[in-house]
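Data block below; observations after.
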Amino acid sequence: MLEKYVSYDLMGYKLTPLTIEDIIHIASNSVLKGLKTVVASQNLHAMYVYHNNEKFRLLHNFSTTYIHIDGMPLVALSKLFGLPIRRTHRTAVIDWIFPILELASKNEWRVFYLGSTSVVFDKGLEKIKEILPDLQISGHHGYFDMGNESLEAKSIMHLVNSYKPSILLLGMGMGRQESWIYDNNKELNVNFIAAIGGCMDLISGETPLAPRWLGKLGIEWLFLLIKNPKRGFRRYLIEPWLLAILLFNKWISNYFSVK
């Protein structure tokens, strides 16, 4: 574990205040020092998934997992609870993924990407190779049977390790990707593992990229909702209210237990 980076507890949720430079540093040190670290995301959707996915919770609480903040509401909540978290600690994957890939290309570190549909996978890797032609990157789409006894899952695991990547990127959707990391963490011969969600959809152009200033204002979700209302309706209009009820109940419980 890189001792420089301290994680905090926000009403039971783990947060590691990291800047883009910090995440790049974690990736670099993990490879250079032969460590195995995981970077996962925390936002309102992740907090909702946290309550419904045990493996997600367990992975987040690993001592070698860093939980970067991907949402301004968490920055505001953290300030409310007196945590030393600033706007610069809100880091979207799309803002740090290419600096890490550039670093990998420069140092000849291999990268493996696991996730997306086959169409998005092909388009995304083609785009990455256009930008970074010298990058050693391979991968596989994320639509496969993840069952413990699945021959397909075992084949995927062999494919990852046989490529001998220094960096592994998972884009299989929040909850599913974390479960896969948790199930396979011990067998993975990788230094830096990052759960990057739908980032490849943005890279491939399948999902439009919101203007980066919207993220700083905390309203990037509105852009995504307008562009894809079917996908965003539950995540942005339903889950926050369900989460608010869970958080309120947790606060009430903590308040009266202290009393």
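In the structure tokens, the first chain shown is A, the next is B, and so on; residue numbers restart at 1 for each chain, and ligands run from 1 in the order shown.
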
I'd like the neighbourhood of Val190 (chain A) as number ranges by chain, where a residue qualifies if any of its atoms comes within 7 Å (using only C-alpha atoms), though same-chain residues fewer than 5 positions away should be ignored.
A: 36, 165-168

Expected answer as a list in words: alpha helix (DSSP H) residues in region 34-77 of chain A
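DSSP-assigned alpha helix (DSSP H) residues in region 34-77 of chain A: Leu44, His45, Ala46, Met47, Tyr48, Val49, Tyr50, Glu54, Lys55, Phe56, Arg57, Leu58, Leu59, His60, Met72, Pro73, Leu74, Val75, Ala76 and Leu77 of chain A.
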
Taking only C-alpha atoms into account, which of A:Lys127, A:Ala195, A:Glu102, A:Asn228 comes nearest Thr65 (chain A)?
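Smallest separation from Thr65 (chain A) among the options: A:Ala195.
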
DSSP on the backbone: which residues in region 63-152 of chain A end up as strand (DSSP E or B)? Give the answer as a ChimeraX atom specification.
/A:65-69,90,111-115,137-140

Skipping near chain neighbours, those fewer than 6 positions away, what residues fall within 8 Å of Cys199 (chain A) using only C-alpha atoms, listed as an NGL selection string?
:A and (93-94 or 171)

Next, the residues of the selection above should be written as a compact mmCIF listing (two decimals), in the first residue's frame with C-alpha atoms.
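File again29.txt, as written:
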```txt
# COMPACT_ATOMS: atom_id res chain seq x y z
CA VAL A 93 -11.97 8.39 -15.44
CA ILE A 94 -11.98 10.02 -18.89
CA GLY A 171 -15.22 -1.75 -18.15
```

Using only C-alpha atoms, can you tell me which of A:Phe98, A:Ile23, A:Val39, A:Ser30 comes closest to Ile131 (chain A)?
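That would be A:Phe98, the residue with the smallest distance to Ile131 (chain A).
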
Extract, using only C-alpha atoms, all DNA, RNA and protein residues at most 12 Å from Asn61 (chain A), discarding same-chain residues fewer than 6 positions from it, and format them as a VMD selection string.
chain A and resid 7 to 9 12 to 16 38 to 40 50 54 to 55 67 178 182

Name the residues in contact with region 31-35 of chain A at a cut-off of 9 Å, using only C-alpha atoms, excluding same-chain residues fewer than 3 positions from it; report them as a PyMOL selection string.
chain A and resi 1+26-28+109+166-167+190-192

File of the preceding selection, N, CA and C atoms, as a short mmCIF file (atom, residue, chain, number, x, y, z; two decimals), in the first residue's frame:
```cif
data_model
loop_
_atom_site.label_atom_id
_atom_site.label_comp_id
_atom_site.auth_asym_id
_atom_site.auth_seq_id
_atom_site.Cartn_x
_atom_site.Cartn_y
_atom_site.Cartn_z
N MET A 1 0.85 -1.21 0.00
CA MET A 1 0.00 0.00 0.00
C MET A 1 0.88 1.25 0.00
N ILE A 26 -0.01 6.56 -8.49
CA ILE A 26 -0.34 5.24 -7.96
C ILE A 26 -0.10 4.17 -9.02
N ALA A 27 -0.54 4.44 -10.24
CA ALA A 27 -0.35 3.49 -11.33
C ALA A 27 1.13 3.25 -11.59
N SER A 28 1.89 4.34 -11.65
CA SER A 28 3.32 4.24 -11.92
C SER A 28 4.05 3.48 -10.82
N TRP A 109 4.86 -0.59 -21.02
CA TRP A 109 4.06 -1.43 -20.13
C TRP A 109 2.86 -1.95 -20.92
N SER A 166 0.90 -5.06 -17.31
CA SER A 166 1.19 -4.32 -16.08
C SER A 166 -0.06 -3.62 -15.58
N ILE A 167 -0.93 -3.26 -16.54
CA ILE A 167 -2.15 -2.51 -16.23
C ILE A 167 -3.36 -3.26 -16.78
N VAL A 190 -1.03 -8.90 -12.23
CA VAL A 190 -1.11 -7.53 -12.73
C VAL A 190 -0.74 -6.59 -11.59
N ASN A 191 -0.20 -5.41 -11.93
CA ASN A 191 0.19 -4.44 -10.90
C ASN A 191 -0.89 -3.41 -10.61
N PHE A 192 -1.47 -2.85 -11.65
CA PHE A 192 -2.45 -1.77 -11.47
C PHE A 192 -3.76 -2.17 -12.13
#
```

Selected residue, from A:Ile156, A:Gln42, A:Ile137, A:Gly147, that lies nearest to Asp122 (chain A) when counting only C-alpha atoms:
A:Ile137

Neighbour list for Ile20 (chain A) as a PyMOL selection string, cut-off 10 Å, only C-alpha atoms, skip fewer than 5 positions in-chain:
chain A and resi 25+68+88-93+95-97+99-100

Suppose we keep C-alpha atoms; can you now write the selection as a short mmCIF file (atom, residue, chain, number, x, y, z; two decimals), in the first residue's frame?
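The result, stored in again-v6.cif:
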```cif
data_model
loop_
_atom_site.label_atom_id
_atom_site.label_comp_id
_atom_site.auth_asym_id
_atom_site.auth_seq_id
_atom_site.Cartn_x
_atom_site.Cartn_y
_atom_site.Cartn_z
CA HIS A 25 1.44 8.26 -9.45
CA HIS A 68 -11.41 7.98 -6.22
CA THR A 88 -9.59 18.82 -7.33
CA HIS A 89 -10.36 15.44 -5.76
CA ARG A 90 -13.29 14.94 -8.13
CA THR A 91 -11.62 12.89 -10.85
CA ALA A 92 -13.55 11.44 -13.80
CA VAL A 93 -11.97 8.39 -15.44
CA ASP A 95 -9.72 12.77 -17.49
CA TRP A 96 -6.97 10.44 -16.25
CA ILE A 97 -7.13 7.38 -18.46
CA PRO A 99 -2.27 10.15 -19.20
CA ILE A 100 -1.92 6.64 -17.76
#
```

Between CA of Tyr143 (chain A) and CA of Ser118 (chain A), what is the spacing in Å?
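One can read the CA of Ser118 (chain A) to CA of Tyr143 (chain A) distance as 8.0 Å.
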
Given only C-alpha atoms as the basis, pick out the residue of A:Leu132, A:Met11, A:Met172, A:Val119 nearest to Phe144 (chain A).
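Looking at the shortest contact to Phe144 (chain A), the residue is A:Met172.
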
Return the single residue from A:Lys164, A:Arg86, A:Arg176, A:His158 that is closest to Thr19 (chain A), with distances computed using only C-alpha atoms.
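Closest candidate: A:Arg86.
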
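Near Gly124 (chain A), within 9 Å and counting only C-alpha atoms, sit Val119, Lys129, Met200, Asp201, Leu202, Ile203, Ser204 and Gly205 of chain A, not including residues fewer than 5 positions from it in the same chain.
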
Export of the given selection (C-alpha atoms) as a short mmCIF file (atom, residue, chain, number, x, y, z; two decimals), in the first residue's frame:
```cif
data_model
loop_
_atom_site.label_atom_id
_atom_site.label_comp_id
_atom_site.auth_asym_id
_atom_site.auth_seq_id
_atom_site.Cartn_x
_atom_site.Cartn_y
_atom_site.Cartn_z
CA VAL A 119 -18.50 -3.32 -31.19
CA LYS A 129 -4.18 2.95 -31.16
CA MET A 200 -14.64 2.98 -23.42
CA ASP A 201 -18.08 4.08 -24.63
CA LEU A 202 -16.79 7.66 -24.45
CA ILE A 203 -13.48 6.84 -26.12
CA SER A 204 -15.19 4.95 -28.94
CA GLY A 205 -17.70 7.75 -29.50
#
```

Which of these, A:Tyr5, A:Ser116, A:Ile128, A:Tyr48, has the shortest distance to Gly197 (chain A) once you count only C-alpha atoms?
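Smallest distance to Gly197 (chain A) is found for A:Ser116.
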